[in-house]
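Chemist: Encoded as structure tokens, here's the structure I'll be asking about.
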Amino acid sequence: MFRMINPVREYAWGSTTAFSELFGWAASASPRAEIWMGAHPGDPSSLELGPEGADLGAASAVADGADVADPAVPAESAARSVTLPEYLQRSGEASGSFPFLLKVLAAEQPLSIQSHPTRARAHAGFAAEEATGLPLDAPTRSYKDPNAKPELIVALTEFSALCGFRPYAEAAVELSGLVQALGGDAGESAPGVSAVVSRLQQHVAAQDYSSALEQLLRSGRAEATAAAGELSALLADGSLGAGLSADAAQMLQHIARDFPRDPGIFVTLLLNRLLLAPGESIYLPAGNLHAYLHGVGVEIMANSDNVLRGGLTSKHLDVDELLKVTDCEVLPVPHCPVQETGPQEAASEQAGPSGLTPPRRLRYEAPFEEFQLEQYEFPGEATLDAPGHGILLCTAGEITLSAPEASEALRMLTLTPGTSAFLPETVGHRVSAGEYAQAFIATTSLASPASQQSPASSDSPASSDSPASHHSPDQEHPRP
């Protein structure tokens, strides 16, 4: 096992305070957005070499291109390390074989409205762009690799997000509320908003989200952009009247502050809006139009960079491709099914070598073959049983990671909030804490066949607006 040295990515939508408040890091003058843990070629983690890794030689602490070094790792430790891709290669594995990227994501501002392609679509899109000779790092490139990009995020704080098209009846109420809020002087000063909303109401009445999305992002984009500017001005000076729900008004104000002339603000009214409590989660298969709005979460995804954006960003937009891959049918909120071992079940299990009973254990059963994610809440002691490579991340308290008997020269690691360890083989390692602590374990293999099935969301039954016979465009990772 190895202590990891992880790159910290800085993006404009990140937070200057989130990692300090959660992990006790020093304050940052620039927005920290993501901690990356994995073998992503653009910014791989490094492994701090202990006695077992002495024969691997030294390498740079943080891969070229990293925004900042991991503030939790002393410089003297970082000076003697090897990148995870190098470790995998020297261990006889292909450097690109690591299938997932684990992150801690902190959003102070909204992220882009986006969808991800299926593996088949990604393969075709990547081949087509390769044939044109467009460089992989070109800012106008949409397909950076031939892979799908399924995702799962678990909230560490309250986490707001949009995902999938909502029931038509809910969208109709939202749009009617905006029409009511535009009454009187507000409506007279924003004729563009009234016109755009009127057309959206027609599409919603016809149960046609595909045309609504196309109008906002492509054929009517100029009109929608101007209308977004009008709406943002009304939100900024408080001119909107009553009509919108409190959470809708708050969301629109949040978006308008950062993207005052973006037609994506109207798209947000058509999507399922949710607020996750800590520990709650959603999974995002291909085709699910979504945007993260605010909060901190542990995110795991397939090791891919294929993101098709339609708004709320300064990055490259590929609206034509976005419209092709997005599932425009009504979708339930994809709450991730969770298998839990609670305190009662844990208390009945045998205590570990330390005398502690097993901690609370949550397995997030997203229907993806690329990764598995579990959460442990301590006090207690557990022996890890998922096969394959693993990354153990501490998010609260202090945990001790112990190697299997007589298997490794490095016998024990202590992890504090925001730090992680790489396990070449997860099975048999023990993790423990005598007081409250929280950790996540991400592994490359599924522990049971059941988690490879497409589970239904117990919290969000399929809407009657959505035809039961419709198939998601993501046949590899079906909808909930």
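A note on labels: chains of the structure tokens are A, B, ... as shown, every chain counts residues from 1, and ligands are counted from 1 in their shown order.
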Please provide as a PyMOL selection string all residues within 12 Å of Ser115 (chain A), with the sequence filter that same-chain residues fewer than 3 positions apart are discarded (counting only C-alpha atoms).
Modeler: chain A and resi 112+118+122+142+148-151+162-164+284-292+305-311+317-328+473-474
Chemist: Just the selected residues (C-alpha atoms), exported as an mmCIF file, in the first residue's frame, please.
Modeler:
data_model
loop_
_atom_site.group_PDB
_atom_site.id
_atom_site.type_symbol
_atom_site.label_atom_id
_atom_site.label_comp_id
_atom_site.auth_asym_id
_atom_site.auth_seq_id
_atom_site.Cartn_x
_atom_site.Cartn_y
_atom_site.Cartn_z
ATOM 1 C CA SER A 112 -21.755 23.232 -17.309
ATOM 2 C CA THR A 118 -22.196 5.796 -24.847
ATOM 3 C CA ALA A 122 -17.549 7.735 -28.116
ATOM 4 C CA SER A 142 -15.251 16.907 -28.231
ATOM 5 C CA ALA A 148 -17.942 6.146 -22.071
ATOM 6 C CA LYS A 149 -17.986 8.355 -18.957
ATOM 7 C CA PRO A 150 -20.513 7.065 -16.411
ATOM 8 C CA GLU A 151 -20.432 8.940 -13.097
ATOM 9 C CA LEU A 162 -29.896 19.143 -12.024
ATOM 10 C CA CYS A 163 -30.257 15.812 -13.793
ATOM 11 C CA GLY A 164 -32.562 14.509 -16.492
ATOM 12 C CA LEU A 284 -25.351 9.500 -14.246
ATOM 13 C CA PRO A 285 -25.387 7.160 -17.240
ATOM 14 C CA ALA A 286 -24.777 8.338 -20.788
ATOM 15 C CA GLY A 287 -27.419 10.631 -22.241
ATOM 16 C CA ASN A 288 -28.537 12.140 -18.920
ATOM 17 C CA LEU A 289 -28.418 15.940 -19.276
ATOM 18 C CA HIS A 290 -27.124 17.330 -15.990
ATOM 19 C CA ALA A 291 -25.342 20.120 -14.169
ATOM 20 C CA TYR A 292 -23.868 20.347 -10.676
ATOM 21 C CA ASP A 305 -12.673 13.111 -20.869
ATOM 22 C CA ASN A 306 -15.693 12.932 -23.177
ATOM 23 C CA VAL A 307 -17.984 15.792 -22.112
ATOM 24 C CA LEU A 308 -20.510 17.375 -24.477
ATOM 25 C CA ARG A 309 -21.480 20.835 -23.207
ATOM 26 C CA GLY A 310 -24.445 23.026 -24.075
ATOM 27 C CA GLY A 311 -24.249 25.971 -21.685
ATOM 28 C CA LEU A 317 -19.790 23.923 -26.818
ATOM 29 C CA ASP A 318 -20.782 21.117 -29.176
ATOM 30 C CA VAL A 319 -24.526 21.611 -29.344
ATOM 31 C CA ASP A 320 -25.041 19.420 -32.408
ATOM 32 C CA GLU A 321 -23.413 16.422 -30.738
ATOM 33 C CA LEU A 322 -25.074 17.167 -27.403
ATOM 34 C CA LEU A 323 -28.494 17.020 -29.040
ATOM 35 C CA LYS A 324 -27.633 13.682 -30.617
ATOM 36 C CA VAL A 325 -26.543 11.962 -27.394
ATOM 37 C CA THR A 326 -29.000 13.461 -24.877
ATOM 38 C CA ASP A 327 -31.990 11.435 -23.702
ATOM 39 C CA CYS A 328 -34.887 13.900 -24.046
ATOM 40 C CA PRO A 473 -29.606 5.985 -25.684
ATOM 41 C CA ASP A 474 -27.178 4.429 -23.206
#
Chemist: If we count only C-alpha atoms and set the cut-off at 9 Å, which residues sit around Leu175 (chain A), ignoring sequence neighbours fewer than 5 positions away in its own chain? Please answer as a PDB file with N, CA and C atoms, in the first residue's frame.
Modeler:
ATOM      1  N   GLU A 170     -44.572  19.176 -14.033  1.00  0.00           N
ATOM      2  CA  GLU A 170     -43.731  20.014 -13.170  1.00  0.00           C
ATOM      3  C   GLU A 170     -43.123  21.168 -13.954  1.00  0.00           C
ATOM      4  N   GLN A 180     -46.073  34.345 -14.400  1.00  0.00           N
ATOM      5  CA  GLN A 180     -46.724  35.144 -13.365  1.00  0.00           C
ATOM      6  C   GLN A 180     -45.753  36.166 -12.782  1.00  0.00           C
ATOM      7  N   VAL A 197     -40.307  31.962 -23.162  1.00  0.00           N
ATOM      8  CA  VAL A 197     -41.083  31.114 -22.258  1.00  0.00           C
ATOM      9  C   VAL A 197     -42.366  30.642 -22.930  1.00  0.00           C
ATOM     10  N   SER A 198     -42.982  31.496 -23.718  1.00  0.00           N
ATOM     11  CA  SER A 198     -44.199  31.098 -24.428  1.00  0.00           C
ATOM     12  C   SER A 198     -43.940  29.919 -25.352  1.00  0.00           C
ATOM     13  N   LEU A 200     -41.493  27.758 -25.052  1.00  0.00           N
ATOM     14  CA  LEU A 200     -41.208  26.589 -24.208  1.00  0.00           C
ATOM     15  C   LEU A 200     -42.499  25.966 -23.692  1.00  0.00           C
ATOM     16  N   GLN A 201     -43.460  26.790 -23.334  1.00  0.00           N
ATOM     17  CA  GLN A 201     -44.741  26.263 -22.874  1.00  0.00           C
ATOM     18  C   GLN A 201     -45.417  25.428 -23.958  1.00  0.00           C
ATOM     19  N   LEU A 244     -42.672  32.449  -8.903  1.00  0.00           N
ATOM     20  CA  LEU A 244     -41.690  31.371  -8.862  1.00  0.00           C
ATOM     21  C   LEU A 244     -41.591  30.793  -7.459  1.00  0.00           C
ATOM     22  N   LEU A 269     -34.910  25.078 -16.055  1.00  0.00           N
ATOM     23  CA  LEU A 269     -36.298  24.989 -15.633  1.00  0.00           C
ATOM     24  C   LEU A 269     -36.960  23.697 -16.091  1.00  0.00           C
ATOM     25  N   LEU A 270     -36.319  22.990 -17.019  1.00  0.00           N
ATOM     26  CA  LEU A 270     -36.881  21.768 -17.584  1.00  0.00           C
ATOM     27  C   LEU A 270     -36.318  20.505 -16.938  1.00  0.00           C
TER      28      LEU A 270
END
Chemist: From the list A:Leu275, A:Ala169, A:Leu134, A:Leu88, which residue is nearest Val330 (chain A) when using only C-alpha atoms?
Modeler: A:Ala169
Chemist: Taking the chain letters and numbering used in this document, name the residues of region 140-196 of chain A that DSSP puts in strand (DSSP E or B), as a list in words.
Modeler: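 The strand (DSSP E or B) subset of region 140-196 of chain A is Glu151, Leu152, Ile153, Val154, Ala155, Phe159, Ser160, Ala161, Leu162, Cys163, Gly164 and Phe165 of chain A.
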Chemist: Can you write out the residues you just picked, keeping N, CA, C and O atoms, as a PDB file, in the first residue's frame?
Modeler:
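Saved result, out-v2.pdb, follows:
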ATOM      1  N   GLU A 151     -20.853   8.245 -14.308  1.00  0.00           N
ATOM      2  CA  GLU A 151     -20.432   8.940 -13.097  1.00  0.00           C
ATOM      3  C   GLU A 151     -21.347   8.590 -11.928  1.00  0.00           C
ATOM      4  O   GLU A 151     -22.515   8.246 -12.100  1.00  0.00           O
ATOM      5  N   LEU A 152     -20.796   8.742 -10.734  1.00  0.00           N
ATOM      6  CA  LEU A 152     -21.534   8.607  -9.478  1.00  0.00           C
ATOM      7  C   LEU A 152     -20.985   9.659  -8.528  1.00  0.00           C
ATOM      8  O   LEU A 152     -19.774   9.840  -8.422  1.00  0.00           O
ATOM      9  N   ILE A 153     -21.872  10.377  -7.854  1.00  0.00           N
ATOM     10  CA  ILE A 153     -21.415  11.365  -6.876  1.00  0.00           C
ATOM     11  C   ILE A 153     -22.181  11.177  -5.575  1.00  0.00           C
ATOM     12  O   ILE A 153     -23.389  10.937  -5.571  1.00  0.00           O
ATOM     13  N   VAL A 154     -21.435  11.253  -4.464  1.00  0.00           N
ATOM     14  CA  VAL A 154     -21.985  11.136  -3.110  1.00  0.00           C
ATOM     15  C   VAL A 154     -21.728  12.467  -2.401  1.00  0.00           C
ATOM     16  O   VAL A 154     -20.593  12.943  -2.349  1.00  0.00           O
ATOM     17  N   ALA A 155     -22.775  13.060  -1.852  1.00  0.00           N
ATOM     18  CA  ALA A 155     -22.643  14.366  -1.222  1.00  0.00           C
ATOM     19  C   ALA A 155     -21.875  14.278   0.095  1.00  0.00           C
ATOM     20  O   ALA A 155     -22.130  13.396   0.920  1.00  0.00           O
ATOM     21  N   PHE A 159     -25.728  19.245  -1.409  1.00  0.00           N
ATOM     22  CA  PHE A 159     -25.238  19.296  -2.783  1.00  0.00           C
ATOM     23  C   PHE A 159     -26.424  19.464  -3.725  1.00  0.00           C
ATOM     24  O   PHE A 159     -27.320  18.615  -3.753  1.00  0.00           O
ATOM     25  N   SER A 160     -26.454  20.566  -4.480  1.00  0.00           N
ATOM     26  CA  SER A 160     -27.553  20.821  -5.401  1.00  0.00           C
ATOM     27  C   SER A 160     -27.126  20.491  -6.823  1.00  0.00           C
ATOM     28  O   SER A 160     -25.992  20.758  -7.228  1.00  0.00           O
ATOM     29  N   ALA A 161     -28.051  19.907  -7.565  1.00  0.00           N
ATOM     30  CA  ALA A 161     -27.743  19.466  -8.925  1.00  0.00           C
ATOM     31  C   ALA A 161     -29.015  19.412  -9.753  1.00  0.00           C
ATOM     32  O   ALA A 161     -30.137  19.423  -9.226  1.00  0.00           O
ATOM     33  N   LEU A 162     -28.829  19.360 -11.056  1.00  0.00           N
ATOM     34  CA  LEU A 162     -29.896  19.143 -12.024  1.00  0.00           C
ATOM     35  C   LEU A 162     -29.561  17.875 -12.780  1.00  0.00           C
ATOM     36  O   LEU A 162     -28.405  17.667 -13.161  1.00  0.00           O
ATOM     37  N   CYS A 163     -30.564  17.022 -13.040  1.00  0.00           N
ATOM     38  CA  CYS A 163     -30.257  15.812 -13.793  1.00  0.00           C
ATOM     39  C   CYS A 163     -31.513  15.238 -14.439  1.00  0.00           C
ATOM     40  O   CYS A 163     -32.493  14.951 -13.754  1.00  0.00           O
ATOM     41  N   GLY A 164     -31.484  15.121 -15.751  1.00  0.00           N
ATOM     42  CA  GLY A 164     -32.562  14.509 -16.492  1.00  0.00           C
ATOM     43  C   GLY A 164     -33.796  15.392 -16.586  1.00  0.00           C
ATOM     44  O   GLY A 164     -34.044  16.240 -15.718  1.00  0.00           O
ATOM     45  N   PHE A 165     -34.582  15.201 -17.651  1.00  0.00           N
ATOM     46  CA  PHE A 165     -35.777  16.018 -17.844  1.00  0.00           C
ATOM     47  C   PHE A 165     -36.876  15.605 -16.859  1.00  0.00           C
ATOM     48  O   PHE A 165     -37.136  14.427 -16.652  1.00  0.00           O
TER      49      PHE A 165
END
Chemist: I'd like the neighbourhood of Leu252 (chain A) as a list of chain:residue names, where a residue qualifies if any of its atoms comes within 8 Å (using only C-alpha atoms), though same-chain residues fewer than 3 positions away should be ignored.
Modeler: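 Residues meeting the cut-off are A:Leu235, A:Ala248, A:Ala249, A:Ile255, A:Ala256, A:Ile265.
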Chemist: What would the file look like if the residues just selected were written as a compact mmCIF listing (two decimals), in the first residue's frame with N, CA, C and O atoms?
Modeler:
# COMPACT_ATOMS: atom_id res chain seq x y z
N LEU A 235 -33.55 39.63 -12.29
CA LEU A 235 -33.14 38.93 -11.07
C LEU A 235 -32.17 39.78 -10.25
O LEU A 235 -32.23 39.78 -9.01
N ALA A 248 -36.69 27.73 -6.99
CA ALA A 248 -36.45 28.07 -8.39
C ALA A 248 -35.85 29.47 -8.50
O ALA A 248 -34.91 29.69 -9.27
N ALA A 249 -36.40 30.41 -7.75
CA ALA A 249 -35.87 31.77 -7.78
C ALA A 249 -34.42 31.82 -7.31
O ALA A 249 -33.57 32.50 -7.91
N ILE A 255 -27.47 31.19 -10.92
CA ILE A 255 -26.96 31.01 -12.28
C ILE A 255 -26.76 32.35 -12.97
O ILE A 255 -25.73 32.58 -13.63
N ALA A 256 -27.72 33.25 -12.83
CA ALA A 256 -27.64 34.54 -13.51
C ALA A 256 -26.44 35.36 -13.04
O ALA A 256 -25.86 36.13 -13.82
N ILE A 265 -29.84 29.02 -18.84
CA ILE A 265 -30.66 29.33 -17.67
C ILE A 265 -32.10 28.87 -17.87
O ILE A 265 -32.78 28.46 -16.92
Chemist: If I take CA of Val333 (chain A) and CA of Gln253 (chain A), how far is one from the other in Å, to one decimal?
Modeler: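 Rounded to one decimal, the two atoms are 23.1 Å apart.
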Chemist: What is the distance, in Å and to one decimal place, between CA of Gly24 (chain A) and CA of Glu435 (chain A)?
Modeler: 17.7 Å
Chemist: Select, from A:Val298, A:Val193, A:Met251, A:Ala442, the residue with the minimum atom-to-atom distance to Gly418 (chain A), counting only C-alpha atoms.
Modeler: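 Of the candidates, the smallest distance to Gly418 (chain A) is held by A:Val298.
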Chemist: Suppose you want the space between CA of Leu312 (chain A) and CA of Glu370 (chain A); what is it in Å?
Modeler: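 The value is 28.4 Å.
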Chemist: Which one is closest to Leu356 (chain A): A:Glu10, A:Glu381, A:Glu280, A:Glu374? Count only C-alpha atoms.
Modeler: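 Selected residue with least distance to Leu356 (chain A): A:Glu381.
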Chemist: Between A:Ser402, A:Ser432, A:Asn303, A:Thr416, which is the closest to Leu102 (chain A) once you count only C-alpha atoms?
Modeler: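 Comparing A:Ser402, A:Ser432, A:Asn303, A:Thr416 against Leu102 (chain A), the winner is A:Asn303.
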Chemist: Using DSSP on the backbone, list every residue of region 73-151 of chain A that comes out as helix (DSSP H, G or I), and give them as a PyMOL selection string.
Modeler: chain A and resi 75-78+84-90+119-132
Chemist: What does the file look like for those residues with N, CA and C atoms, as a PDB file, in the first residue's frame?
Modeler:
ATOM      1  N   ALA A  75       6.919  18.239   1.497  1.00  0.00           N
ATOM      2  CA  ALA A  75       7.780  18.274   0.321  1.00  0.00           C
ATOM      3  C   ALA A  75       8.819  17.159   0.345  1.00  0.00           C
ATOM      4  N   GLU A  76       9.313  16.803   1.537  1.00  0.00           N
ATOM      5  CA  GLU A  76      10.338  15.762   1.599  1.00  0.00           C
ATOM      6  C   GLU A  76       9.772  14.403   1.207  1.00  0.00           C
ATOM      7  N   SER A  77       8.475  14.185   1.479  1.00  0.00           N
ATOM      8  CA  SER A  77       7.848  12.930   1.067  1.00  0.00           C
ATOM      9  C   SER A  77       7.594  12.917  -0.423  1.00  0.00           C
ATOM     10  N   ALA A  78       7.185  14.080  -0.956  1.00  0.00           N
ATOM     11  CA  ALA A  78       6.885  14.167  -2.381  1.00  0.00           C
ATOM     12  C   ALA A  78       8.131  13.986  -3.240  1.00  0.00           C
ATOM     13  N   LEU A  84       1.390   6.932 -10.493  1.00  0.00           N
ATOM     14  CA  LEU A  84       0.602   5.701 -10.541  1.00  0.00           C
ATOM     15  C   LEU A  84       0.699   5.021 -11.908  1.00  0.00           C
ATOM     16  N   PRO A  85       0.641   5.747 -13.037  1.00  0.00           N
ATOM     17  CA  PRO A  85       0.846   5.065 -14.326  1.00  0.00           C
ATOM     18  C   PRO A  85       2.201   4.368 -14.431  1.00  0.00           C
ATOM     19  N   GLU A  86       3.247   5.015 -13.882  1.00  0.00           N
ATOM     20  CA  GLU A  86       4.566   4.382 -13.910  1.00  0.00           C
ATOM     21  C   GLU A  86       4.579   3.120 -13.049  1.00  0.00           C
ATOM     22  N   TYR A  87       3.941   3.186 -11.891  1.00  0.00           N
ATOM     23  CA  TYR A  87       3.881   2.012 -11.028  1.00  0.00           C
ATOM     24  C   TYR A  87       3.166   0.863 -11.744  1.00  0.00           C
ATOM     25  N   LEU A  88       2.044   1.150 -12.363  1.00  0.00           N
ATOM     26  CA  LEU A  88       1.291   0.106 -13.059  1.00  0.00           C
ATOM     27  C   LEU A  88       2.116  -0.497 -14.194  1.00  0.00           C
ATOM     28  N   GLN A  89       2.828   0.362 -14.924  1.00  0.00           N
ATOM     29  CA  GLN A  89       3.642  -0.123 -16.032  1.00  0.00           C
ATOM     30  C   GLN A  89       4.778  -1.002 -15.534  1.00  0.00           C
ATOM     31  N   ARG A  90       5.426  -0.600 -14.458  1.00  0.00           N
ATOM     32  CA  ARG A  90       6.537  -1.382 -13.921  1.00  0.00           C
ATOM     33  C   ARG A  90       6.054  -2.667 -13.249  1.00  0.00           C
ATOM     34  N   ARG A 119     -20.390   4.206 -25.025  1.00  0.00           N
ATOM     35  CA  ARG A 119     -19.096   3.740 -25.506  1.00  0.00           C
ATOM     36  C   ARG A 119     -19.083   3.675 -27.041  1.00  0.00           C
ATOM     37  N   ALA A 120     -20.176   3.200 -27.637  1.00  0.00           N
ATOM     38  CA  ALA A 120     -20.231   3.097 -29.092  1.00  0.00           C
ATOM     39  C   ALA A 120     -20.154   4.474 -29.737  1.00  0.00           C
ATOM     40  N   ARG A 121     -20.894   5.430 -29.163  1.00  0.00           N
ATOM     41  CA  ARG A 121     -20.868   6.787 -29.720  1.00  0.00           C
ATOM     42  C   ARG A 121     -19.490   7.415 -29.521  1.00  0.00           C
ATOM     43  N   ALA A 122     -18.878   7.192 -28.381  1.00  0.00           N
ATOM     44  CA  ALA A 122     -17.549   7.735 -28.116  1.00  0.00           C
ATOM     45  C   ALA A 122     -16.528   7.144 -29.078  1.00  0.00           C
ATOM     46  N   HIS A 123     -16.639   5.847 -29.332  1.00  0.00           N
ATOM     47  CA  HIS A 123     -15.700   5.191 -30.252  1.00  0.00           C
ATOM     48  C   HIS A 123     -15.820   5.798 -31.642  1.00  0.00           C
ATOM     49  N   ALA A 124     -17.052   5.994 -32.106  1.00  0.00           N
ATOM     50  CA  ALA A 124     -17.262   6.559 -33.441  1.00  0.00           C
ATOM     51  C   ALA A 124     -16.821   8.015 -33.493  1.00  0.00           C
ATOM     52  N   GLY A 125     -17.151   8.788 -32.457  1.00  0.00           N
ATOM     53  CA  GLY A 125     -16.778  10.194 -32.443  1.00  0.00           C
ATOM     54  C   GLY A 125     -15.278  10.399 -32.364  1.00  0.00           C
ATOM     55  N   PHE A 126     -14.613   9.568 -31.557  1.00  0.00           N
ATOM     56  CA  PHE A 126     -13.160   9.662 -31.436  1.00  0.00           C
ATOM     57  C   PHE A 126     -12.492   9.338 -32.770  1.00  0.00           C
ATOM     58  N   ALA A 127     -12.956   8.281 -33.431  1.00  0.00           N
ATOM     59  CA  ALA A 127     -12.379   7.895 -34.727  1.00  0.00           C
ATOM     60  C   ALA A 127     -12.585   8.990 -35.757  1.00  0.00           C
ATOM     61  N   ALA A 128     -13.753   9.620 -35.756  1.00  0.00           N
ATOM     62  CA  ALA A 128     -14.037  10.670 -36.738  1.00  0.00           C
ATOM     63  C   ALA A 128     -13.136  11.883 -36.518  1.00  0.00           C
ATOM     64  N   GLU A 129     -12.923  12.270 -35.268  1.00  0.00           N
ATOM     65  CA  GLU A 129     -12.066  13.424 -35.010  1.00  0.00           C
ATOM     66  C   GLU A 129     -10.599  13.090 -35.237  1.00  0.00           C
ATOM     67  N   GLU A 130     -10.203  11.853 -34.963  1.00  0.00           N
ATOM     68  CA  GLU A 130      -8.845  11.434 -35.271  1.00  0.00           C
ATOM     69  C   GLU A 130      -8.578  11.514 -36.770  1.00  0.00           C
ATOM     70  N   ALA A 131      -9.586  11.141 -37.576  1.00  0.00           N
ATOM     71  CA  ALA A 131      -9.424  11.146 -39.026  1.00  0.00           C
ATOM     72  C   ALA A 131      -9.223  12.550 -39.577  1.00  0.00           C
ATOM     73  N   THR A 132      -9.735  13.559 -38.879  1.00  0.00           N
ATOM     74  CA  THR A 132      -9.554  14.936 -39.341  1.00  0.00           C
ATOM     75  C   THR A 132      -8.180  15.491 -38.998  1.00  0.00           C
TER      76      THR A 132
END
